[in-house]
file target.cif (mmCIF, C-alpha atoms and all ligand atoms)
data_query
loop_
_atom_site.label_atom_id
_atom_site.label_comp_id
_atom_site.auth_asym_id
_atom_site.auth_seq_id
_atom_site.Cartn_x
_atom_site.Cartn_y
_atom_site.Cartn_z
CA MET A 165 -269.31 283.09 80.10
CA MET A 166 -267.50 282.20 76.88
CA LYS A 167 -266.53 279.16 74.86
CA ALA A 168 -262.86 278.20 74.91
CA ALA A 169 -260.88 275.23 73.63
CA ARG A 170 -259.08 273.69 76.57
CA PHE A 171 -256.07 271.47 75.99
CA TYR A 172 -255.59 268.70 78.52
CA GLY A 173 -252.45 267.23 76.90
CA GLY A 174 -251.85 265.41 73.60
CA LYS A 175 -254.98 265.11 71.48
CA ASP A 176 -257.36 265.74 74.37
CA ILE A 177 -258.91 269.06 73.29
CA ARG A 178 -262.32 270.02 74.67
CA VAL A 179 -264.47 273.03 73.92
CA GLU A 180 -265.83 274.15 77.28
CA THR A 181 -267.71 277.06 78.79
CA VAL A 182 -265.51 279.12 81.09
CA PRO A 183 -265.68 282.55 82.75
CA ASP A 184 -264.82 285.54 80.56
CA PRO A 185 -261.23 286.75 80.99
CA GLN A 186 -260.84 290.16 82.62
CA SER A 187 -258.64 292.90 81.17
CA GLY A 188 -256.24 294.29 83.76
CA PRO A 189 -254.54 297.71 83.78
CA GLY A 190 -253.26 298.62 80.31
CA GLU A 191 -254.94 295.59 78.75
CA VAL A 192 -257.72 295.24 76.21
CA LEU A 193 -260.37 292.53 76.00
CA VAL A 194 -260.44 291.09 72.48
CA ARG A 195 -263.21 289.15 70.73
CA VAL A 196 -261.09 286.68 68.74
CA ARG A 197 -262.06 286.53 65.04
CA ALA A 198 -259.32 284.23 63.74
CA ALA A 199 -256.54 282.14 65.29
CA GLY A 200 -254.00 280.06 63.38
CA ILE A 201 -252.75 276.60 64.31
CA CYS A 202 -248.94 276.80 64.47
CA GLY A 203 -246.39 274.02 64.07
CA SER A 204 -245.44 274.62 67.70
CA ASP A 205 -249.04 273.85 68.73
CA LEU A 206 -248.61 270.44 67.08
CA HIS A 207 -245.55 269.38 69.11
CA GLY A 208 -247.63 268.76 72.23
CA TYR A 209 -250.52 267.43 70.15
CA ARG A 210 -248.28 264.76 68.60
CA ALA A 211 -246.62 263.69 71.85
CA ALA A 212 -246.78 259.89 72.19
CA ASN A 213 -247.37 259.74 75.94
CA PRO A 214 -248.52 263.22 76.85
CA PRO A 215 -248.57 264.05 80.53
CA SER A 216 -252.08 265.04 81.53
CA THR A 217 -251.84 268.71 82.34
CA ALA A 218 -253.96 271.42 83.84
CA PRO A 219 -256.07 272.65 80.93
CA ARG A 220 -254.73 275.58 78.96
CA THR A 221 -255.93 277.56 75.95
CA PRO A 222 -253.27 278.07 73.26
CA GLY A 223 -253.56 280.08 70.04
CA HIS A 224 -250.75 282.65 69.62
CA GLU A 225 -251.53 283.65 66.02
CA LEU A 226 -254.61 285.78 66.47
CA ALA A 227 -256.62 288.80 65.46
CA GLY A 228 -259.90 290.21 66.66
CA GLU A 229 -262.01 293.12 67.77
CA VAL A 230 -261.52 295.20 70.91
CA VAL A 231 -264.66 294.76 73.04
CA GLY A 232 -263.45 296.02 76.41
CA LEU A 233 -260.81 298.27 77.95
CA GLY A 234 -259.01 297.80 81.24
CA PRO A 235 -257.92 300.82 83.30
CA ASP A 236 -255.28 303.09 81.73
CA VAL A 237 -255.90 302.12 78.11
CA HIS A 238 -255.46 305.24 76.00
CA THR A 239 -254.40 304.05 72.56
CA LEU A 240 -257.38 301.90 71.57
CA ARG A 241 -261.17 302.09 71.55
CA VAL A 242 -263.97 299.56 71.68
CA GLY A 243 -264.67 298.40 68.12
CA ASP A 244 -261.06 298.67 66.92
CA ARG A 245 -259.90 295.80 64.71
CA VAL A 246 -256.50 294.56 65.85
CA GLY A 247 -253.79 292.02 65.17
CA ILE A 248 -252.19 290.71 68.34
CA GLU A 249 -248.45 290.34 68.82
CA PRO A 250 -248.29 287.41 71.26
CA LEU A 251 -244.84 288.02 72.81
CA VAL A 252 -244.92 289.66 76.23
CA GLY A 253 -241.56 290.26 77.94
CA CYS A 254 -241.15 291.03 81.64
CA GLY A 255 -240.32 294.66 80.79
CA GLU A 256 -237.64 294.80 83.47
CA CYS A 257 -234.64 292.73 82.40
CA GLU A 258 -231.71 293.87 80.22
CA HIS A 259 -233.12 292.16 77.13
CA CYS A 260 -236.45 293.92 77.51
CA ALA A 261 -234.67 297.22 78.22
CA TRP A 262 -233.06 297.22 74.78
CA GLY A 263 -236.12 295.90 72.98
CA GLN A 264 -234.92 292.32 72.57
CA TYR A 265 -237.83 290.98 74.56
CA HIS A 266 -237.89 287.74 72.56
CA LEU A 267 -234.73 286.85 74.51
CA CYS A 268 -236.34 287.65 77.90
CA GLU A 269 -235.99 284.70 80.25
CA LYS A 270 -239.46 285.39 81.58
CA LEU A 271 -240.99 285.74 78.10
CA GLU A 272 -244.65 284.79 78.00
CA HIS A 273 -246.84 284.21 74.97
CA ILE A 274 -250.49 285.04 74.61
CA GLY A 275 -251.47 281.49 73.75
CA GLY A 276 -248.57 280.09 75.81
CA ALA A 277 -248.27 280.87 79.50
CA ARG A 278 -251.15 283.30 78.93
CA SER A 279 -254.52 282.19 77.63
CA GLY A 280 -254.72 282.56 73.85
CA GLY A 281 -256.82 282.75 70.74
CA PHE A 282 -258.61 279.39 70.63
CA ALA A 283 -261.43 281.01 72.59
CA GLU A 284 -264.12 283.60 72.03
CA LEU A 285 -262.30 286.16 74.18
CA THR A 286 -258.74 286.87 75.25
CA VAL A 287 -256.81 289.78 76.74
CA ALA A 288 -253.70 291.56 75.46
CA PRO A 289 -251.54 294.48 76.61
CA GLN A 290 -252.59 297.56 74.61
CA GLU A 291 -249.12 297.96 73.06
CA LYS A 292 -249.40 294.41 71.65
CA ALA A 293 -252.65 295.17 69.80
CA PHE A 294 -251.95 296.69 66.36
CA LEU A 295 -254.70 298.57 64.55
CA LEU A 296 -255.59 296.91 61.24
CA PRO A 297 -256.29 298.84 58.04
CA ASP A 298 -259.87 298.25 56.83
CA HIS A 299 -258.75 296.22 53.81
CA ILE A 300 -256.88 293.64 55.91
CA SER A 301 -259.14 290.79 57.02
CA TYR A 302 -258.97 289.14 60.43
CA ASP A 303 -257.94 285.92 58.70
CA GLU A 304 -254.98 287.63 57.05
CA ALA A 305 -254.08 289.43 60.27
CA SER A 306 -253.89 286.12 62.14
CA ILE A 307 -250.91 285.31 59.87
CA LEU A 308 -248.95 288.36 61.11
CA ASP A 309 -247.09 286.30 63.71
CA VAL A 310 -245.78 284.08 60.90
CA LEU A 311 -244.90 287.07 58.72
CA ALA A 312 -243.07 288.72 61.63
CA VAL A 313 -240.85 285.63 61.97
CA ALA A 314 -240.02 286.00 58.27
CA VAL A 315 -239.22 289.70 58.78
CA HIS A 316 -236.91 288.75 61.65
CA ALA A 317 -235.21 286.05 59.55
CA LEU A 318 -234.10 288.78 57.15
CA THR A 319 -233.12 291.06 60.03
CA ILE A 320 -230.72 288.37 61.26
CA VAL A 321 -229.68 287.11 57.80
CA PRO A 322 -230.27 289.90 55.26
CA VAL A 323 -230.58 289.23 51.54
CA GLU A 324 -228.84 291.40 48.94
CA PRO A 325 -230.40 291.84 45.49
CA ALA A 326 -229.63 288.94 43.12
CA GLU A 327 -228.28 286.69 45.87
CA ARG A 328 -229.15 283.02 45.53
CA VAL A 329 -231.47 282.12 48.38
CA VAL A 330 -232.69 278.63 49.23
CA VAL A 331 -235.53 278.07 51.69
CA VAL A 332 -235.77 274.53 53.05
CA GLY A 333 -239.33 273.90 54.18
CA THR A 334 -242.73 274.85 52.80
CA GLY A 335 -244.71 275.49 55.94
CA ALA A 336 -246.24 278.93 56.38
CA ILE A 337 -242.97 280.28 57.81
CA GLY A 338 -240.79 278.88 55.02
CA LEU A 339 -243.12 280.27 52.37
CA SER A 340 -243.19 283.68 54.07
CA ILE A 341 -239.39 283.76 54.26
CA ALA A 342 -239.33 283.00 50.52
CA ASN A 343 -241.73 285.92 50.05
CA MET A 344 -239.47 288.24 52.11
CA ALA A 345 -236.32 287.08 50.29
CA ALA A 346 -237.96 287.80 46.94
CA LEU A 347 -239.00 291.27 48.18
CA ALA A 348 -235.35 291.91 49.03
CA GLY A 349 -234.40 291.08 45.45
CA GLY A 350 -233.09 287.58 46.04
CA ARG A 351 -233.35 284.80 43.48
CA VAL A 352 -235.25 282.19 45.44
CA ALA A 353 -235.53 278.41 45.37
CA VAL A 354 -237.74 276.50 47.79
CA VAL A 355 -237.25 272.87 48.84
CA GLY A 356 -240.34 270.91 49.84
CA ARG A 357 -242.06 267.60 49.43
CA ARG A 358 -245.52 268.68 48.31
CA GLN A 359 -246.53 270.31 45.04
CA GLY A 360 -249.26 272.52 46.55
CA PRO A 361 -246.96 274.62 48.75
CA LEU A 362 -244.28 274.69 46.01
CA ASP A 363 -246.93 276.22 43.73
CA VAL A 364 -247.67 278.84 46.41
CA ALA A 365 -243.92 279.60 46.62
CA ALA A 366 -243.89 280.18 42.87
CA GLU A 367 -246.94 282.42 43.17
CA ILE A 368 -245.80 284.63 46.06
CA ALA A 369 -242.01 284.59 45.61
CA GLY A 370 -241.43 283.59 41.99
CA ALA A 371 -239.52 280.73 43.56
CA TYR A 372 -238.02 277.78 41.75
CA GLY A 373 -239.51 274.66 43.32
CA ILE A 374 -237.41 271.63 44.29
CA ASP A 375 -239.47 268.57 45.20
CA SER A 376 -237.22 266.61 47.54
CA SER A 377 -239.54 263.59 47.34
CA ARG A 378 -238.49 263.21 43.71
CA VAL A 379 -234.96 264.59 43.39
CA ASP A 380 -231.84 264.88 45.54
CA PRO A 381 -232.32 268.39 46.93
CA VAL A 382 -228.60 269.18 47.33
CA GLY A 383 -227.90 268.15 43.73
CA ALA A 384 -230.88 270.19 42.55
CA VAL A 385 -229.66 273.30 44.40
CA MET A 386 -226.18 272.87 42.90
CA GLU A 387 -227.66 272.57 39.42
CA TRP A 388 -229.92 275.60 39.99
CA SER A 389 -226.93 277.66 41.17
CA GLN A 390 -224.58 276.54 38.35
CA GLY A 391 -222.55 274.57 40.86
CA ARG A 392 -221.89 277.51 43.19
CA GLY A 393 -224.31 276.68 45.98
CA ALA A 394 -226.57 279.18 47.70
CA ASP A 395 -225.45 282.49 49.18
CA ILE A 396 -228.09 282.06 51.86
CA VAL A 397 -230.02 279.03 53.07
CA TYR A 398 -232.91 279.36 55.51
CA GLU A 399 -233.74 276.13 57.30
CA ALA A 400 -237.45 276.27 58.16
CA VAL A 401 -238.41 272.69 58.99
CA GLY A 402 -237.11 271.85 62.46
CA GLY A 403 -239.00 269.33 64.59
CA THR A 404 -237.64 265.82 64.13
CA ALA A 405 -236.33 266.40 60.59
CA ASP A 406 -232.61 266.09 59.75
CA THR A 407 -232.53 269.12 57.49
CA LEU A 408 -229.74 271.13 59.11
CA GLY A 409 -226.99 268.98 57.60
CA LEU A 410 -228.71 269.22 54.20
CA SER A 411 -229.01 273.00 54.50
CA VAL A 412 -225.29 273.30 55.24
CA GLN A 413 -224.49 271.21 52.14
CA MET A 414 -226.53 273.59 49.97
CA ALA A 415 -224.58 276.70 50.97
CA GLY A 416 -221.76 277.91 48.73
CA ALA A 417 -218.50 279.64 49.64
CA LYS A 418 -218.95 282.35 52.30
CA GLY A 419 -222.60 281.38 52.51
CA THR A 420 -224.84 281.82 55.53
CA VAL A 421 -227.33 279.32 56.93
CA GLY A 422 -230.18 280.88 58.89
CA ILE A 423 -231.66 278.30 61.24
CA VAL A 424 -235.32 279.11 61.81
CA GLY A 425 -236.69 275.64 62.54
CA SER A 426 -237.00 274.53 66.15
CA PHE A 427 -235.38 271.10 66.27
CA ARG A 428 -236.49 268.50 68.78
CA THR A 429 -233.57 266.19 68.01
CA PRO A 430 -229.79 266.75 67.91
CA GLN A 431 -228.56 267.58 64.41
CA THR A 432 -225.44 266.26 62.71
CA ILE A 433 -223.36 268.52 60.48
CA ASP A 434 -220.43 267.45 58.34
CA THR A 435 -218.23 270.36 59.41
CA ARG A 436 -215.22 269.88 57.11
CA PRO A 437 -216.96 271.12 53.92
CA ALA A 438 -218.49 273.94 55.98
CA LEU A 439 -215.02 274.90 57.21
CA ARG A 440 -213.57 274.84 53.70
CA ARG A 441 -216.31 277.18 52.51
CA GLU A 442 -216.18 279.46 55.58
CA LEU A 443 -219.90 279.22 56.23
CA THR A 444 -221.72 281.22 58.84
CA LEU A 445 -224.53 279.66 60.87
CA ALA A 446 -227.02 282.04 62.45
CA TRP A 447 -230.00 281.15 64.61
CA VAL A 448 -233.28 282.98 64.13
CA TRP A 449 -235.65 282.94 67.06
CA SER A 450 -239.10 284.52 66.96
CA TYR A 451 -238.98 288.33 66.54
CA ALA A 452 -238.96 291.59 68.50
CA LEU A 453 -237.77 295.04 67.39
CA ARG A 454 -235.74 295.95 64.29
CA ARG A 455 -233.95 298.97 65.69
CA GLU A 456 -236.90 300.73 67.35
CA ARG A 457 -239.77 299.33 65.32
CA PRO A 458 -241.66 296.14 66.17
CA GLU A 459 -241.07 293.55 63.46
CA PHE A 460 -244.75 292.69 63.90
CA ASP A 461 -245.53 296.24 62.74
CA ILE A 462 -243.14 295.90 59.79
CA ALA A 463 -244.97 292.69 58.84
CA LEU A 464 -248.30 294.54 59.05
CA ASP A 465 -246.93 297.35 56.86
CA LEU A 466 -245.75 294.88 54.20
CA LEU A 467 -249.03 292.95 54.35
CA ALA A 468 -251.10 296.13 54.08
CA ARG A 469 -249.13 297.21 51.00
CA GLY A 470 -249.65 293.84 49.35
CA LEU A 471 -245.95 292.97 49.43
CA LEU A 472 -246.22 290.10 51.89
CA LYS A 473 -249.07 287.68 51.17
CA ALA A 474 -251.20 285.90 53.74
CA GLU A 475 -254.27 284.67 51.88
CA PRO A 476 -252.45 282.07 49.72
CA LEU A 477 -251.17 280.41 52.92
CA ILE A 478 -254.66 279.85 54.35
CA THR A 479 -256.02 276.50 53.22
CA HIS A 480 -258.57 275.59 55.93
CA ARG A 481 -260.95 277.29 58.34
CA PHE A 482 -262.85 275.57 61.17
CA PRO A 483 -265.25 276.98 63.75
CA LEU A 484 -264.14 276.67 67.37
CA ASP A 485 -266.55 273.77 67.97
CA ARG A 486 -264.65 271.78 65.33
CA ILE A 487 -261.13 272.66 66.47
CA ASN A 488 -260.31 268.94 66.72
CA GLU A 489 -260.88 268.59 62.97
CA GLY A 490 -258.68 271.64 62.49
CA PHE A 491 -255.83 270.00 64.37
CA VAL A 492 -256.20 266.82 62.30
CA ALA A 493 -255.99 268.90 59.10
CA ALA A 494 -252.93 270.77 60.41
CA ASP A 495 -251.27 267.57 61.65
CA LYS A 496 -251.79 265.44 58.53
CA LYS A 497 -250.65 268.03 56.03
CA SER A 498 -250.20 265.76 53.01
CA GLU A 499 -253.54 264.04 53.40
CA HIS A 500 -255.43 267.32 53.87
CA GLN A 501 -253.29 269.46 51.52
CA SER A 502 -253.01 272.00 54.32
CA ILE A 503 -250.64 274.89 54.88
CA LYS A 504 -252.21 277.21 57.46
CA VAL A 505 -255.34 276.07 59.27
CA LEU A 506 -257.40 278.75 61.01
CA VAL A 507 -259.81 278.40 63.89
CA ILE A 508 -262.65 280.92 63.71
CA PRO A 509 -264.06 281.30 67.25
ZN ZN B 1 -246.20 280.03 66.02
ZN ZN B 2 -237.54 290.69 80.30
#

call {"tool": "encode", "arguments": {"input": "target.cif", "output": "structure tokens"}}
result
Amino acid sequence: MMKAARFYGGKDIRVETVPDPQSGPGEVLVRVRAAGICGSDLHGYRAANPPSTAPRTPGHELAGEVVGLGPDVHTLRVGDRVGIEPLVGCGECEHCAWGQYHLCEKLEHIGGARSGGFAELTVAPQEKAFLLPDHISYDEASILDVLAVAVHALTIVPVEPAERVVVVGTGAIGLSIANMAALAGGRVAVVGRRQGPLDVAAEIAGAYGIDSSRVDPVGAVMEWSQGRGADIVYEAVGGTADTLGLSVQMAGAKGTVGIVGSFRTPQTIDTRPALRRELTLAWVWSYALRRERPEFDIALDLLARGLLKAEPLITHRFPLDRINEGFVAADKKSEHQSIKVLVIP
């Protein structure tokens, strides 16, 4: 038997004792060592009138130790330290056939349709468990899902050296995109409402910080770019914010807006200025392969070489028994000065 956090809908999260999961053919059993709370985990948590649901165990940002092997596992051994890519496509559709499994209509997440990392144990297909170098901690490795989204953002909307890049949003994904854009040689500005994350953006991306709680962010971007606007804007807020229209206003002639945030509300764009500047809007969803290589593996490579940073994003750690406190810290970001909150099962 193991301990697992079970989500019954909304804020009803209970740590319960449940049977150990079993690894099937080609799957490994993983002792979870760190699991991050994602913005997407908070959507259900914040729901005003949540439907009561059959309990499930989320946690799709996870890393741990292989403690068991199902039949036909040849690439991993018991004791291996691994980061888990949570996306599991059906393996049979056209999207999966050309490696774009994030577009699979039957896509499942470990920590979504499948049981995830807010538990002592979980299972993963062997090809989704990536061996960690010794110097990468489990805590850092639990950020790989976030870093892989940032890698994918630059796959979809690449940055050329010296381009002016604005990132709207200072969550873990926004900050990681700023990090990636700086690696690509971009000159980066980050728009946020809290000084703590803006300081992290300066640390990991050399980014110019724009505090939109104090100044008009569009005006500040125009000033920063000598009136030209940004070559590239990544929108990384989503939810119920109205930041898409703002992001479009920040882009200069021939600019591109990469939309990373997952909006829960319709967005309004003033299209005439966008037309006059011939903007391109591109949506960025999750990640998969860049050519033949998993973007998760690219993220691990960049993390292992110290080019992408994970540690500065981690502000809080809670044991599994206190996962409710972890969700409060992740939900009330200003009050708790949080960026990424980890659960340590
Ligand atoms: Zn996530
Ligand atoms: Zn598929």

call {"tool": "atom_distance", "arguments": {"input": "target.cif", "atom1": "atom CA of Ala438 of chain A", "atom2": "atom CA of Arg357 of chain A"}}
result
25.3 Å

call {"tool": "closest_atom_pairs", "arguments": {"input": "target.cif", "of": "chain A", "to": "ligand ZN 2 (chain B)", "cutoff": "6 Å", "atoms": "only C-alpha atoms and all ligand atoms", "output": "tab-separated table"}}
result
residue	atom	partner	partner_atom	distance
A:Gly253	CA	B:ZN2	ZN	4.7
A:Cys254	CA	B:ZN2	ZN	3.9
A:Gly255	CA	B:ZN2	ZN	4.9
A:Glu256	CA	B:ZN2	ZN	5.2
A:Cys257	CA	B:ZN2	ZN	4.1
A:His259	CA	B:ZN2	ZN	5.6
A:Cys260	CA	B:ZN2	ZN	4.4
A:Tyr265	CA	B:ZN2	ZN	5.8
A:Cys268	CA	B:ZN2	ZN	4.1
A:Lys270	CA	B:ZN2	ZN	5.8

call {"tool": "write_last_selection", "arguments": {"input": "target.cif", "atoms": "C-alpha atoms", "output": "compact mmCIF listing (two decimals), keeping the file's coordinate frame"}}
result
# COMPACT_ATOMS: atom_id res chain seq x y z
CA GLY A 253 -241.56 290.26 77.94
CA CYS A 254 -241.15 291.03 81.64
CA GLY A 255 -240.32 294.66 80.79
CA GLU A 256 -237.64 294.80 83.47
CA CYS A 257 -234.64 292.73 82.40
CA HIS A 259 -233.12 292.16 77.13
CA CYS A 260 -236.45 293.92 77.51
CA TYR A 265 -237.83 290.98 74.56
CA CYS A 268 -236.34 287.65 77.90
CA LYS A 270 -239.46 285.39 81.58

call {"tool": "atom_distance", "arguments": {"input": "target.cif", "atom1": "atom CA of Ala314 of chain A", "atom2": "atom CA of Ile337 of chain A"}}
result
6.5 Å

call {"tool": "residues_near_ligand", "arguments": {"input": "target.cif", "ligand": "ligand ZN 1 (chain B)", "cutoff": "7 Å", "atoms": "all atoms listed in the file", "output": "list of chain:residue names"}}
result
A:Cys202, A:Gly203, A:Ser204, A:His224, A:Glu225, A:Asp309, A:Val310

call {"tool": "write_last_selection", "arguments": {"input": "target.cif", "atoms": "C-alpha atoms", "output": "PDB file, in the frame of the given file"}}
result
ATOM      1  CA  CYS A 202    -248.940 276.800  64.470  1.00  0.00           C
ATOM      2  CA  GLY A 203    -246.390 274.020  64.070  1.00  0.00           C
ATOM      3  CA  SER A 204    -245.440 274.620  67.700  1.00  0.00           C
ATOM      4  CA  HIS A 224    -250.750 282.650  69.620  1.00  0.00           C
ATOM      5  CA  GLU A 225    -251.530 283.650  66.020  1.00  0.00           C
ATOM      6  CA  ASP A 309    -247.090 286.300  63.710  1.00  0.00           C
ATOM      7  CA  VAL A 310    -245.780 284.080  60.900  1.00  0.00           C
TER       8      VAL A 310
END

call {"tool": "atom_distance", "arguments": {"input": "target.cif", "atom1": "atom CA of Glu456 of chain A", "atom2": "atom CA of Ala293 of chain A"}}
result
16.9 Å

call {"tool": "residues_around", "arguments": {"input": "target.cif", "residues": "Leu193 of chain A", "least_positions_apart": "6", "cutoff": "8 Å", "atoms": "all atoms listed in the file", "output": "compact mmCIF listing (two decimals) with C-alpha atoms, in the frame of the given file"}}
result
# COMPACT_ATOMS: atom_id res chain seq x y z
CA PRO A 185 -261.23 286.75 80.99
CA GLN A 186 -260.84 290.16 82.62
CA SER A 187 -258.64 292.90 81.17
CA VAL A 230 -261.52 295.20 70.91
CA VAL A 231 -264.66 294.76 73.04
CA GLY A 232 -263.45 296.02 76.41
CA LEU A 233 -260.81 298.27 77.95
CA GLY A 234 -259.01 297.80 81.24
CA LEU A 285 -262.30 286.16 74.18
CA THR A 286 -258.74 286.87 75.25
CA VAL A 287 -256.81 289.78 76.74
CA ALA A 288 -253.70 291.56 75.46

call {"tool": "residues_near_point", "arguments": {"input": "target.cif", "point": "(-249.8, 281.9, 43.2)", "cutoff": "12 Å", "atoms": "all atoms listed in the file", "output": "list in words"}}
result
Leu339, Asn343, Gly360, Pro361, Leu362, Asp363, Val364, Ala365, Ala366, Glu367, Ile368, Ala369, Gly370, Ala371, Lys473, Ala474, Glu475, Pro476 and Leu477 of chain A

call {"tool": "residues_around", "arguments": {"input": "target.cif", "residues": "Val424 of chain A", "least_positions_apart": "2", "cutoff": "8 Å", "atoms": "only C-alpha atoms", "output": "PyMOL selection string"}}
result
chain A and resi 317+398-402+422+426+447-449

call {"tool": "residues_around", "arguments": {"input": "target.cif", "residues": "segment 386-388 of chain A", "least_positions_apart": "3", "cutoff": "9 Å", "atoms": "all atoms listed in the file", "output": "ChimeraX atom specification"}}
result
/A:353,372,381-383,391-394,414,416

call {"tool": "write_last_selection", "arguments": {"input": "target.cif", "atoms": "C-alpha atoms", "output": "short mmCIF file (atom, residue, chain, number, x, y, z; two decimals), keeping the file's coordinate frame"}}
result
data_model
loop_
_atom_site.label_atom_id
_atom_site.label_comp_id
_atom_site.auth_asym_id
_atom_site.auth_seq_id
_atom_site.Cartn_x
_atom_site.Cartn_y
_atom_site.Cartn_z
CA ALA A 353 -235.53 278.41 45.37
CA TYR A 372 -238.02 277.78 41.75
CA PRO A 381 -232.32 268.39 46.93
CA VAL A 382 -228.60 269.18 47.33
CA GLY A 383 -227.90 268.15 43.73
CA GLY A 391 -222.55 274.57 40.86
CA ARG A 392 -221.89 277.51 43.19
CA GLY A 393 -224.31 276.68 45.98
CA ALA A 394 -226.57 279.18 47.70
CA MET A 414 -226.53 273.59 49.97
CA GLY A 416 -221.76 277.91 48.73
#

call {"tool": "residues_near_point", "arguments": {"input": "target.cif", "point": "(-254.1, 295.9, 56.3)", "cutoff": "12 Å", "atoms": "only C-alpha atoms", "output": "ChimeraX atom specification"}}
result
/A:227,245-247,294-308,461-474

call {"tool": "closest_residue", "arguments": {"input": "target.cif", "among": "A:Asp375, A:Val354, A:Val385, A:Val329", "to": "Val397 of chain A", "atoms": "all atoms listed in the file"}}
result
A:Val329

call {"tool": "build_atoms", "arguments": {"input": "target.cif", "residues": "segment 442-447 of chain A", "atoms": "all heavy atoms", "output": "compact mmCIF listing (two decimals), in the coordinates of the input"}}
result
# COMPACT_ATOMS: atom_id res chain seq x y z
N GLU A 442 -216.02 278.36 54.62
CA GLU A 442 -216.18 279.46 55.58
C GLU A 442 -217.63 279.88 55.72
O GLU A 442 -217.99 281.05 55.54
CB GLU A 442 -215.29 280.66 55.22
CG GLU A 442 -213.83 280.38 55.46
CD GLU A 442 -212.98 281.66 55.56
OE1 GLU A 442 -213.35 282.67 54.93
OE2 GLU A 442 -211.96 281.61 56.27
N LEU A 443 -218.48 278.92 56.05
CA LEU A 443 -219.90 279.22 56.23
C LEU A 443 -220.15 279.91 57.56
O LEU A 443 -219.38 279.77 58.51
CB LEU A 443 -220.73 277.93 56.18
CG LEU A 443 -220.63 277.09 54.91
CD1 LEU A 443 -221.67 275.97 54.95
CD2 LEU A 443 -220.83 277.94 53.66
N THR A 444 -221.24 280.63 57.60
CA THR A 444 -221.72 281.22 58.84
C THR A 444 -223.06 280.58 59.17
O THR A 444 -223.92 280.47 58.30
CB THR A 444 -221.91 282.74 58.69
OG1 THR A 444 -220.66 283.32 58.34
CG2 THR A 444 -222.43 283.37 59.98
N LEU A 445 -223.22 280.15 60.42
CA LEU A 445 -224.53 279.66 60.87
C LEU A 445 -225.12 280.69 61.82
O LEU A 445 -224.44 281.16 62.73
CB LEU A 445 -224.39 278.31 61.59
CG LEU A 445 -224.51 277.06 60.72
CD1 LEU A 445 -223.39 277.00 59.70
CD2 LEU A 445 -224.51 275.80 61.58
N ALA A 446 -226.38 281.03 61.60
CA ALA A 446 -227.02 282.04 62.45
C ALA A 446 -228.39 281.52 62.86
O ALA A 446 -229.16 281.05 62.01
CB ALA A 446 -227.16 283.35 61.69
N TRP A 447 -228.69 281.59 64.15
CA TRP A 447 -230.00 281.15 64.61
C TRP A 447 -230.98 282.31 64.60
O TRP A 447 -230.62 283.46 64.93
CB TRP A 447 -229.90 280.54 66.01
CG TRP A 447 -229.54 279.09 65.95
CD1 TRP A 447 -230.40 278.04 66.00
CD2 TRP A 447 -228.23 278.53 65.82
NE1 TRP A 447 -229.70 276.85 65.89
CE2 TRP A 447 -228.39 277.11 65.79
CE3 TRP A 447 -226.95 279.06 65.71
CZ2 TRP A 447 -227.31 276.25 65.66
CZ3 TRP A 447 -225.87 278.20 65.59
CH2 TRP A 447 -226.05 276.81 65.56
